[in-house]
file target27.csv (CSV, C-alpha atoms and all ligand atoms)
chain,number,residue,atom,x,y,z
A,1,MET,CA,123.5,181.2,191.7
A,2,ALA,CA,120.9,182.9,193.8
A,3,ILE,CA,120.2,186.6,194.5
A,4,LEU,CA,119.5,187.4,198.1
A,5,PHE,CA,117.2,190.0,199.5
A,6,ILE,CA,117.2,191.2,203.2
A,7,SER,CA,115.9,194.3,205.0
A,8,ASP,CA,115.3,195.8,208.4
A,9,LEU,CA,118.3,194.5,210.2
A,10,HIS,CA,118.2,197.7,212.3
A,11,LEU,CA,121.8,197.1,213.4
A,12,HIS,CA,122.8,199.1,216.5
A,13,PRO,CA,125.8,199.0,218.9
A,14,SER,CA,123.3,198.1,221.7
A,15,ARG,CA,122.6,194.7,219.9
A,16,PRO,CA,126.0,193.3,219.2
A,17,ALA,CA,124.6,189.8,218.5
A,18,SER,CA,122.8,191.0,215.4
A,19,ILE,CA,125.9,192.7,214.2
A,20,GLU,CA,127.8,189.4,214.6
A,21,ARG,CA,125.0,187.5,212.8
A,22,PHE,CA,125.2,189.9,209.9
A,23,ILE,CA,128.9,189.7,209.6
A,24,ASP,CA,128.7,185.9,209.7
A,25,PHE,CA,126.1,186.1,207.0
A,26,LEU,CA,128.4,188.2,204.8
A,27,GLU,CA,131.2,185.6,205.2
A,28,THR,CA,129.0,182.6,204.4
A,29,HIS,CA,125.6,182.9,202.6
A,30,ALA,CA,126.4,186.1,200.9
A,31,ARG,CA,129.7,184.8,199.5
A,32,GLU,CA,127.9,182.1,197.6
A,33,ALA,CA,125.3,184.4,196.1
A,34,GLN,CA,125.2,186.1,192.7
A,35,ALA,CA,124.2,189.4,194.5
A,36,LEU,CA,122.9,190.7,197.8
A,37,TYR,CA,120.2,193.4,198.0
A,38,ILE,CA,119.6,195.2,201.3
A,39,LEU,CA,116.3,197.0,201.0
A,40,GLY,CA,116.6,199.6,203.7
A,41,ASP,CA,117.1,199.9,207.4
A,42,LEU,CA,120.3,198.0,207.6
A,43,PHE,CA,121.0,200.4,210.5
A,44,GLU,CA,118.7,201.4,213.3
A,45,SER,CA,119.8,205.0,212.6
A,46,TRP,CA,122.5,206.7,210.6
A,47,ILE,CA,123.7,210.2,211.5
A,48,GLY,CA,126.2,210.5,208.7
A,49,ASP,CA,129.2,208.5,207.2
A,50,ASP,CA,131.5,210.2,209.7
A,51,ASP,CA,130.0,208.5,212.8
A,52,PRO,CA,133.1,207.1,214.6
A,53,GLU,CA,131.2,204.2,216.2
A,54,PRO,CA,133.6,201.2,216.2
A,55,SER,CA,131.0,198.6,215.5
A,56,TYR,CA,130.1,200.4,212.3
A,57,THR,CA,133.8,200.1,211.2
A,58,GLN,CA,133.4,196.4,211.8
A,59,ILE,CA,130.3,196.3,209.5
A,60,ARG,CA,132.0,198.4,206.8
A,61,THR,CA,134.9,196.0,206.8
A,62,GLY,CA,132.5,193.0,206.5
A,63,LEU,CA,130.7,194.6,203.6
A,64,GLU,CA,133.9,195.5,201.9
A,65,ARG,CA,135.3,192.0,202.2
A,66,CYS,CA,132.1,190.5,200.8
A,67,VAL,CA,132.2,192.8,197.8
A,68,ARG,CA,135.9,192.1,197.2
A,69,ALA,CA,135.2,188.4,197.4
A,70,GLY,CA,132.9,188.8,194.4
A,71,THR,CA,129.4,189.4,195.6
A,72,PRO,CA,128.0,192.8,194.6
A,73,VAL,CA,126.0,194.4,197.4
A,74,TYR,CA,123.2,196.8,196.7
A,75,ILE,CA,121.8,199.0,199.5
A,76,MET,CA,118.6,201.0,199.4
A,77,HIS,CA,117.9,203.7,202.0
A,78,GLY,CA,115.3,203.0,204.6
A,79,ASN,CA,113.5,205.4,206.8
A,80,ARG,CA,116.2,205.0,209.5
A,81,ASP,CA,119.4,205.1,207.5
A,82,PHE,CA,118.4,207.5,204.7
A,83,LEU,CA,121.6,209.5,205.4
A,84,LEU,CA,123.9,206.7,204.2
A,85,GLY,CA,126.0,208.5,201.7
A,86,ALA,CA,128.7,208.3,199.0
A,87,THR,CA,131.6,208.0,201.5
A,88,PHE,CA,130.0,204.8,203.0
A,89,ALA,CA,129.5,203.5,199.5
A,90,ALA,CA,133.1,204.2,198.5
A,91,GLU,CA,134.5,202.7,201.7
A,92,THR,CA,132.5,199.4,201.4
A,93,GLY,CA,132.3,199.0,197.6
A,94,CYS,CA,128.5,198.8,198.0
A,95,THR,CA,126.2,200.4,195.5
A,96,LEU,CA,123.4,202.7,196.8
A,97,ILE,CA,120.3,202.1,194.8
A,98,ALA,CA,117.2,204.3,194.4
A,99,ASP,CA,113.8,203.6,196.0
A,100,PRO,CA,112.1,202.2,193.9
A,101,THR,CA,114.5,200.2,191.7
A,102,ARG,CA,113.2,198.1,188.8
A,103,LEU,CA,115.1,194.9,188.3
A,104,ASP,CA,115.0,192.0,185.8
A,105,LEU,CA,115.0,189.1,188.2
A,106,PHE,CA,115.7,185.9,186.1
A,107,GLY,CA,113.3,187.2,183.4
A,108,THR,CA,110.7,188.6,185.8
A,109,PRO,CA,110.4,192.4,185.9
A,110,THR,CA,110.5,193.2,189.6
A,111,LEU,CA,110.2,196.4,191.7
A,112,LEU,CA,112.3,196.8,194.8
A,113,MET,CA,111.3,199.3,197.5
A,114,HIS,CA,111.9,199.9,201.2
A,115,GLY,CA,108.1,200.1,201.7
A,116,ASP,CA,107.6,203.2,203.9
A,117,SER,CA,106.4,205.2,200.9
A,118,LEU,CA,103.6,202.6,200.5
A,119,CYS,CA,102.2,203.3,203.9
A,120,THR,CA,100.0,206.2,202.6
A,121,ASP,CA,97.4,205.8,205.4
A,122,ASP,CA,100.0,207.2,207.8
A,123,ALA,CA,99.7,210.8,206.8
A,124,GLU,CA,101.7,212.1,209.7
A,125,TYR,CA,104.7,209.9,208.7
A,126,GLN,CA,104.4,210.8,205.0
A,127,SER,CA,104.7,214.5,205.8
A,128,LEU,CA,107.7,213.8,208.0
A,129,ARG,CA,109.2,211.7,205.2
A,130,ILE,CA,109.0,214.6,202.7
A,131,ARG,CA,110.8,216.8,205.3
A,132,LEU,CA,113.6,214.4,206.0
A,133,ARG,CA,114.3,213.6,202.4
A,134,ASP,CA,114.7,217.2,201.5
A,135,PRO,CA,118.3,217.7,200.3
A,136,ALA,CA,118.5,221.1,202.0
A,137,TRP,CA,117.4,219.7,205.3
A,138,GLN,CA,119.9,216.9,205.0
A,139,GLN,CA,122.7,219.2,204.2
A,140,GLN,CA,121.9,221.3,207.2
A,141,ALA,CA,121.7,218.2,209.5
A,142,LEU,CA,125.0,216.8,208.2
A,143,ALA,CA,126.7,220.1,209.0
A,144,LEU,CA,126.0,219.7,212.7
A,145,PRO,CA,128.7,218.2,215.0
A,146,VAL,CA,128.5,214.4,215.5
A,147,SER,CA,127.4,214.8,219.1
A,148,ASP,CA,124.4,217.0,218.2
A,149,ARG,CA,123.4,214.5,215.5
A,150,LEU,CA,123.6,211.6,217.9
A,151,GLU,CA,121.3,213.4,220.3
A,152,LEU,CA,118.8,214.3,217.5
A,153,ALA,CA,118.8,210.7,216.3
A,154,SER,CA,118.0,209.3,219.7
A,155,GLU,CA,115.2,211.9,220.2
A,156,ALA,CA,113.8,210.9,216.8
A,157,ARG,CA,113.8,207.2,217.7
A,158,GLU,CA,112.0,207.9,221.0
A,159,LEU,CA,109.4,210.1,219.2
A,160,SER,CA,108.9,207.5,216.5
A,161,THR,CA,108.3,204.8,219.1
A,162,LEU,CA,105.8,207.0,221.0
A,163,SER,CA,103.9,208.0,217.9
A,164,ASN,CA,103.8,204.4,216.6
A,165,GLN,CA,102.4,203.2,219.9
A,166,SER,CA,99.4,205.4,219.5
A,167,LYS,CA,98.7,204.4,215.9
A,168,ASP,CA,96.4,201.6,214.8
A,169,ALA,CA,98.5,198.7,213.3
A,170,ALA,CA,96.6,198.8,210.0
A,171,ILE,CA,97.7,202.4,209.5
A,172,MET,CA,101.3,201.4,209.6
A,173,ASP,CA,100.9,198.7,206.9
A,174,VAL,CA,101.1,199.3,203.2
A,175,ASN,CA,98.1,200.6,201.4
A,176,THR,CA,96.9,198.1,198.8
A,177,GLU,CA,95.7,200.7,196.3
A,178,GLU,CA,99.1,202.5,196.5
A,179,VAL,CA,100.9,199.1,196.0
A,180,LEU,CA,98.8,198.4,192.8
A,181,ARG,CA,99.2,201.9,191.6
A,182,VAL,CA,103.1,201.8,191.9
A,183,MET,CA,103.2,198.3,190.4
A,184,ARG,CA,101.1,199.4,187.4
A,185,GLN,CA,103.2,202.5,187.0
A,186,TYR,CA,106.4,200.4,186.8
A,187,ASP,CA,104.7,197.7,184.8
A,188,VAL,CA,105.7,194.8,187.1
A,189,ASN,CA,103.9,191.8,188.7
A,190,LEU,CA,106.4,191.3,191.5
A,191,LEU,CA,107.2,193.7,194.3
A,192,ILE,CA,109.8,193.0,197.0
A,193,HIS,CA,109.9,195.3,200.0
A,194,GLY,CA,110.5,195.5,203.7
A,195,HIS,CA,109.7,198.1,206.4
A,196,THR,CA,106.6,196.7,207.9
A,197,HIS,CA,108.4,193.8,209.7
A,198,ARG,CA,105.4,191.6,208.6
A,199,GLN,CA,107.0,188.8,206.6
A,200,ALA,CA,104.5,187.4,204.1
A,201,ILE,CA,103.9,186.7,200.5
A,202,HIS,CA,100.7,188.3,199.3
A,203,THR,CA,98.8,187.6,196.0
A,204,LEU,CA,96.8,190.5,194.7
A,205,THR,CA,94.3,190.4,191.9
A,206,GLU,CA,92.3,193.4,190.6
A,207,GLN,CA,90.5,193.8,187.3
A,208,GLY,CA,92.6,191.2,185.4
A,209,PHE,CA,95.8,192.4,187.0
A,210,SER,CA,97.5,189.8,189.2
A,211,ALA,CA,100.5,190.5,191.2
A,212,THR,CA,102.7,189.2,194.0
A,213,ARG,CA,104.0,191.3,196.9
A,214,ILE,CA,106.8,189.8,199.0
A,215,ASP,CA,107.2,191.6,202.4
A,216,LEU,CA,110.6,190.7,203.8
A,217,GLY,CA,110.9,190.0,207.5
A,218,ASP,CA,113.2,191.8,209.9
A,219,TRP,CA,116.3,190.5,211.7
A,220,PHE,CA,115.1,190.9,215.3
A,221,GLN,CA,114.2,187.4,216.6
A,222,THR,CA,115.2,185.5,213.6
A,223,ALA,CA,116.9,186.6,210.4
A,224,SER,CA,114.9,186.1,207.3
A,225,VAL,CA,116.4,186.0,203.8
A,226,LEU,CA,114.6,185.8,200.5
A,227,VAL,CA,116.5,183.6,198.1
A,228,VAL,CA,115.6,183.9,194.4
A,229,ASP,CA,117.1,181.8,191.6
A,230,GLU,CA,116.0,180.5,188.1
A,231,ARG,CA,113.6,178.1,189.8
A,232,GLY,CA,111.7,180.6,191.9
A,233,TRP,CA,111.8,182.1,195.4
A,234,ARG,CA,111.9,180.8,198.9
A,235,THR,CA,112.4,182.3,202.3
A,236,GLU,CA,115.2,181.0,204.5
A,237,THR,CA,115.4,181.7,208.2
A,238,LEU,CA,118.9,181.9,209.8
B,1,MN,MN,111.7,201.0,207.7
call {"tool": "encode", "arguments": {"input": "target27.csv", "output": "structure tokens"}}
result
Amino acid sequence: MAILFISDLHLHPSRPASIERFIDFLETHAREAQALYILGDLFESWIGDDDPEPSYTQIRTGLERCVRAGTPVYIMHGNRDFLLGATFAAETGCTLIADPTRLDLFGTPTLLMHGDSLCTDDAEYQSLRIRLRDPAWQQQALALPVSDRLELASEARELSTLSNQSKDAAIMDVNTEEVLRVMRQYDVNLLIHGHTHRQAIHTLTEQGFSATRIDLGDWFQTASVLVVDERGWRTETL
């Protein structure tokens, strides 16, 4: 059986078709898999597990049914849905995993990441990331009423779009030195991540160290799934 990796679905009530496609995926492909890993940004934004949005209830149910049918689902935080919490995990049966997570993938030590922490050329974003991941800031944010949090999230999305428009595309890609540093630190030759929305398989070689970096695609136009089994990996497009 295969292990599936997806990321950057950016599910949002304004795009009901992608929510339907994800729920369909959970009822078909995911059911036949040994495990499903969602490496961040499953949601376009997440203001807390108490968001009453009805389409999120539909997604929670889909995840819960998939886990109950026998496919463990592992979810990593992305830069959009880093507030996914213990209540969401308990309600769906999904397991929240750390960024990075080291995994033995059919005998290959593999590092799983969302990917935003690898974009070290984007100094402005990295300092914002430190602020948003601070537990004290998160506790304060989650204490606000849902309506305030929704407003803050929509402002943050607008600001992020504006700021990214002014940035050179290369700045928002991963930094190769940082990739190699993290891979050496965790002693792996395979890295799977998302975030950049630039689906590709990169081979890296440096001073006798050879490594593969798989950048997962997003679920905007087409949905891409990385399928890994005993024989190797392949990318499927839904
Ligand atoms: Mn991301």
call {"tool": "closest_residue", "arguments": {"input": "target27.csv", "among": "A:Phe106, A:Phe82, A:Tyr186, A:Trp137", "to": "ligand MN 1 (chain B)", "atoms": "only C-alpha atoms and all ligand atoms"}}
result
A:Phe82
call {"tool": "atom_distance", "arguments": {"input": "target27.csv", "atom1": "CA of Asp122 in chain A", "atom2": "CA of Asp99 in chain A"}}
result
18.5 Å
call {"tool": "closest_atom_pairs", "arguments": {"input": "target27.csv", "of": "range 44-102 of chain A", "to": "range 175-183 of chain A", "cutoff": "12 Å", "atoms": "all atoms listed in the file", "output": "CSV"}}
result
residue,atom,partner,partner_atom,distance
A:Asp99,CA,A:Val182,CA,11.6
A:Pro100,CA,A:Val182,CA,9.2
A:Thr101,CA,A:Val182,CA,11.5
A:Arg102,CA,A:Met183,CA,10.1
call {"tool": "residues_around", "arguments": {"input": "target27.csv", "residues": "range 8-11 of chain A", "least_positions_apart": "3", "cutoff": "8 Å", "atoms": "all atoms listed in the file", "output": "list in words"}}
result
Arg15, Ser18, Ile19, Leu39, Gly40, Asp41, Leu42, Phe43, Glu44, Ser45, Gly194, His195, His197, Gly217, Asp218, Trp219 and Phe220 of chain A
call {"tool": "write_last_selection", "arguments": {"input": "target27.csv", "atoms": "C-alpha atoms", "output": "PDB file, in the coordinates of the input"}}
result
ATOM      1  CA  ARG A  15     122.600 194.700 219.900  1.00  0.00           C
ATOM      2  CA  SER A  18     122.800 191.000 215.400  1.00  0.00           C
ATOM      3  CA  ILE A  19     125.900 192.700 214.200  1.00  0.00           C
ATOM      4  CA  LEU A  39     116.300 197.000 201.000  1.00  0.00           C
ATOM      5  CA  GLY A  40     116.600 199.600 203.700  1.00  0.00           C
ATOM      6  CA  ASP A  41     117.100 199.900 207.400  1.00  0.00           C
ATOM      7  CA  LEU A  42     120.300 198.000 207.600  1.00  0.00           C
ATOM      8  CA  PHE A  43     121.000 200.400 210.500  1.00  0.00           C
ATOM      9  CA  GLU A  44     118.700 201.400 213.300  1.00  0.00           C
ATOM     10  CA  SER A  45     119.800 205.000 212.600  1.00  0.00           C
ATOM     11  CA  GLY A 194     110.500 195.500 203.700  1.00  0.00           C
ATOM     12  CA  HIS A 195     109.700 198.100 206.400  1.00  0.00           C
ATOM     13  CA  HIS A 197     108.400 193.800 209.700  1.00  0.00           C
ATOM     14  CA  GLY A 217     110.900 190.000 207.500  1.00  0.00           C
ATOM     15  CA  ASP A 218     113.200 191.800 209.900  1.00  0.00           C
ATOM     16  CA  TRP A 219     116.300 190.500 211.700  1.00  0.00           C
ATOM     17  CA  PHE A 220     115.100 190.900 215.300  1.00  0.00           C
TER      18      PHE A 220
END
call {"tool": "atom_distance", "arguments": {"input": "target27.csv", "atom1": "CA of Gln221 in chain A", "atom2": "CA of Glu64 in chain A"}}
result
25.9 Å
call {"tool": "residues_around", "arguments": {"input": "target27.csv", "residues": "Thr237 in chain A", "least_positions_apart": "3", "cutoff": "10 Å", "atoms": "all atoms listed in the file", "output": "short mmCIF file (atom, residue, chain, number, x, y, z; two decimals) with C-alpha atoms, keeping the file's coordinate frame"}}
result
data_model
loop_
_atom_site.label_atom_id
_atom_site.label_comp_id
_atom_site.auth_asym_id
_atom_site.auth_seq_id
_atom_site.Cartn_x
_atom_site.Cartn_y
_atom_site.Cartn_z
CA GLY A 217 110.90 190.00 207.50
CA TRP A 219 116.30 190.50 211.70
CA THR A 222 115.20 185.50 213.60
CA ALA A 223 116.90 186.60 210.40
CA SER A 224 114.90 186.10 207.30
CA VAL A 225 116.40 186.00 203.80
CA LEU A 226 114.60 185.80 200.50
CA ARG A 234 111.90 180.80 198.90
#
call {"tool": "atom_distance", "arguments": {"input": "target27.csv", "atom1": "CA of Ile3 in chain A", "atom2": "CA of Arg21 in chain A"}}
result
18.9 Å
call {"tool": "closest_residue", "arguments": {"input": "target27.csv", "among": "A:Ser55, A:Ser154, A:Ser7, A:Thr235", "to": "Ile23 in chain A", "atoms": "all atoms listed in the file"}}
result
A:Ser55
call {"tool": "residues_around", "arguments": {"input": "target27.csv", "residues": "Arg149 in chain A", "least_positions_apart": "2", "cutoff": "12 Å", "atoms": "only C-alpha atoms", "output": "compact mmCIF listing (two decimals) with C-alpha atoms, in the coordinates of the input"}}
result
# COMPACT_ATOMS: atom_id res chain seq x y z
CA SER A 45 119.80 205.00 212.60
CA TRP A 46 122.50 206.70 210.60
CA ILE A 47 123.70 210.20 211.50
CA GLY A 48 126.20 210.50 208.70
CA ASP A 49 129.20 208.50 207.20
CA ASP A 50 131.50 210.20 209.70
CA ASP A 51 130.00 208.50 212.80
CA LEU A 83 121.60 209.50 205.40
CA GLN A 138 119.90 216.90 205.00
CA GLN A 140 121.90 221.30 207.20
CA ALA A 141 121.70 218.20 209.50
CA LEU A 142 125.00 216.80 208.20
CA ALA A 143 126.70 220.10 209.00
CA LEU A 144 126.00 219.70 212.70
CA PRO A 145 128.70 218.20 215.00
CA VAL A 146 128.50 214.40 215.50
CA SER A 147 127.40 214.80 219.10
CA GLU A 151 121.30 213.40 220.30
CA LEU A 152 118.80 214.30 217.50
CA ALA A 153 118.80 210.70 216.30
CA SER A 154 118.00 209.30 219.70
CA GLU A 155 115.20 211.90 220.20
CA ALA A 156 113.80 210.90 216.80
call {"tool": "residues_near_point", "arguments": {"input": "target27.csv", "point": "(129.0, 197.9, 205.3)", "cutoff": "10 Å", "atoms": "only C-alpha atoms", "output": "count of residues only"}}
result
25
call {"tool": "closest_residue", "arguments": {"input": "target27.csv", "among": "A:Tyr37, A:Phe25, A:Tyr74, A:Tyr125", "to": "ligand MN 1 (chain B)", "atoms": "all atoms listed in the file"}}
result
A:Tyr125
call {"tool": "closest_residue", "arguments": {"input": "target27.csv", "among": "A:Asp148, A:Glu158, A:Glu206, A:Asp215", "to": "Asp116 in chain A", "atoms": "only C-alpha atoms"}}
result
A:Asp215
call {"tool": "closest_residue", "arguments": {"input": "target27.csv", "among": "A:Leu159, A:Met172, A:Ile38, A:Leu191", "to": "Leu112 in chain A", "atoms": "all atoms listed in the file"}}
result
A:Leu191
call {"tool": "closest_residue", "arguments": {"input": "target27.csv", "among": "A:Gln165, A:Thr196, A:Gln34, A:Gln185", "to": "Leu118 in chain A", "atoms": "all atoms listed in the file"}}
result
A:Thr196
call {"tool": "decode", "arguments": {"input": "target27.csv", "residues": "range 212-223 of chain A", "atoms": "all heavy atoms", "output": "short mmCIF file (atom, residue, chain, number, x, y, z; two decimals), in the first residue's frame"}}
result
data_model
loop_
_atom_site.label_atom_id
_atom_site.label_comp_id
_atom_site.auth_asym_id
_atom_site.auth_seq_id
_atom_site.Cartn_x
_atom_site.Cartn_y
_atom_site.Cartn_z
N THR A 212 17.61 14.57 -2.67
CA THR A 212 16.44 14.84 -3.49
C THR A 212 15.46 15.68 -2.69
O THR A 212 15.19 15.40 -1.53
CB THR A 212 15.76 13.53 -3.93
OG1 THR A 212 16.72 12.74 -4.63
CG2 THR A 212 14.57 13.78 -4.82
N ARG A 213 14.96 16.73 -3.34
CA ARG A 213 13.95 17.59 -2.71
C ARG A 213 12.70 17.54 -3.57
O ARG A 213 12.71 17.93 -4.73
CB ARG A 213 14.49 19.03 -2.63
CG ARG A 213 13.45 20.04 -2.19
CD ARG A 213 14.09 21.38 -1.89
NE ARG A 213 14.44 22.16 -3.08
CZ ARG A 213 13.60 22.96 -3.74
NH1 ARG A 213 12.33 23.07 -3.36
NH2 ARG A 213 14.01 23.65 -4.79
N ILE A 214 11.62 17.02 -2.97
CA ILE A 214 10.34 16.96 -3.69
C ILE A 214 9.47 18.11 -3.19
O ILE A 214 9.13 18.19 -2.02
CB ILE A 214 9.63 15.61 -3.49
CG1 ILE A 214 10.54 14.46 -3.96
CG2 ILE A 214 8.29 15.60 -4.23
CD1 ILE A 214 9.92 13.08 -3.83
N ASP A 215 9.14 19.01 -4.11
CA ASP A 215 8.28 20.14 -3.81
C ASP A 215 6.88 19.76 -4.30
O ASP A 215 6.67 19.56 -5.50
CB ASP A 215 8.82 21.39 -4.53
CG ASP A 215 8.15 22.68 -4.05
OD1 ASP A 215 7.04 22.61 -3.51
OD2 ASP A 215 8.75 23.75 -4.28
N LEU A 216 5.95 19.61 -3.38
CA LEU A 216 4.58 19.20 -3.73
C LEU A 216 3.87 20.36 -4.41
O LEU A 216 4.12 21.52 -4.09
CB LEU A 216 3.81 18.79 -2.48
CG LEU A 216 4.39 17.65 -1.63
CD1 LEU A 216 3.67 17.58 -0.29
CD2 LEU A 216 4.27 16.33 -2.36
N GLY A 217 2.98 20.06 -5.30
CA GLY A 217 2.19 21.14 -5.90
C GLY A 217 0.99 21.49 -5.05
O GLY A 217 0.76 20.89 -4.00
N ASP A 218 0.27 22.49 -5.47
CA ASP A 218 -0.91 22.90 -4.71
C ASP A 218 -2.18 22.27 -5.31
O ASP A 218 -2.11 21.42 -6.20
CB ASP A 218 -1.02 24.43 -4.67
CG ASP A 218 -1.13 25.03 -6.06
OD1 ASP A 218 -1.83 24.44 -6.92
OD2 ASP A 218 -0.52 26.09 -6.31
N TRP A 219 -3.34 22.70 -4.83
CA TRP A 219 -4.61 22.15 -5.30
C TRP A 219 -5.47 23.24 -5.94
O TRP A 219 -6.69 23.21 -5.82
CB TRP A 219 -5.37 21.48 -4.14
CG TRP A 219 -4.95 20.05 -3.91
CD1 TRP A 219 -3.68 19.56 -3.93
CD2 TRP A 219 -5.82 18.92 -3.65
NE1 TRP A 219 -3.69 18.21 -3.67
CE2 TRP A 219 -4.98 17.79 -3.50
CE3 TRP A 219 -7.20 18.76 -3.50
CZ2 TRP A 219 -5.49 16.52 -3.22
CZ3 TRP A 219 -7.70 17.51 -3.22
CH2 TRP A 219 -6.85 16.40 -3.09
N PHE A 220 -4.83 24.20 -6.61
CA PHE A 220 -5.61 25.28 -7.21
C PHE A 220 -6.23 24.88 -8.54
O PHE A 220 -7.44 24.71 -8.64
CB PHE A 220 -4.78 26.56 -7.33
CG PHE A 220 -4.67 27.30 -6.02
CD1 PHE A 220 -3.55 27.16 -5.22
CD2 PHE A 220 -5.71 28.09 -5.57
CE1 PHE A 220 -3.46 27.83 -4.00
CE2 PHE A 220 -5.63 28.77 -4.36
CZ PHE A 220 -4.50 28.62 -3.57
N GLN A 221 -5.40 24.70 -9.58
CA GLN A 221 -5.94 24.32 -10.89
C GLN A 221 -6.19 22.81 -10.92
O GLN A 221 -7.29 22.37 -11.20
CB GLN A 221 -4.96 24.71 -12.01
CG GLN A 221 -4.62 26.20 -12.04
CD GLN A 221 -5.86 27.08 -12.15
OE1 GLN A 221 -6.81 26.71 -12.83
NE2 GLN A 221 -5.85 28.21 -11.48
N THR A 222 -5.12 22.06 -10.63
CA THR A 222 -5.25 20.61 -10.53
C THR A 222 -4.79 20.21 -9.13
O THR A 222 -4.14 20.99 -8.45
CB THR A 222 -4.36 19.92 -11.57
OG1 THR A 222 -3.03 20.40 -11.40
CG2 THR A 222 -4.83 20.17 -12.98
N ALA A 223 -5.13 18.99 -8.75
CA ALA A 223 -4.73 18.53 -7.42
C ALA A 223 -3.60 17.53 -7.59
O ALA A 223 -3.75 16.54 -8.30
CB ALA A 223 -5.92 17.86 -6.74
#
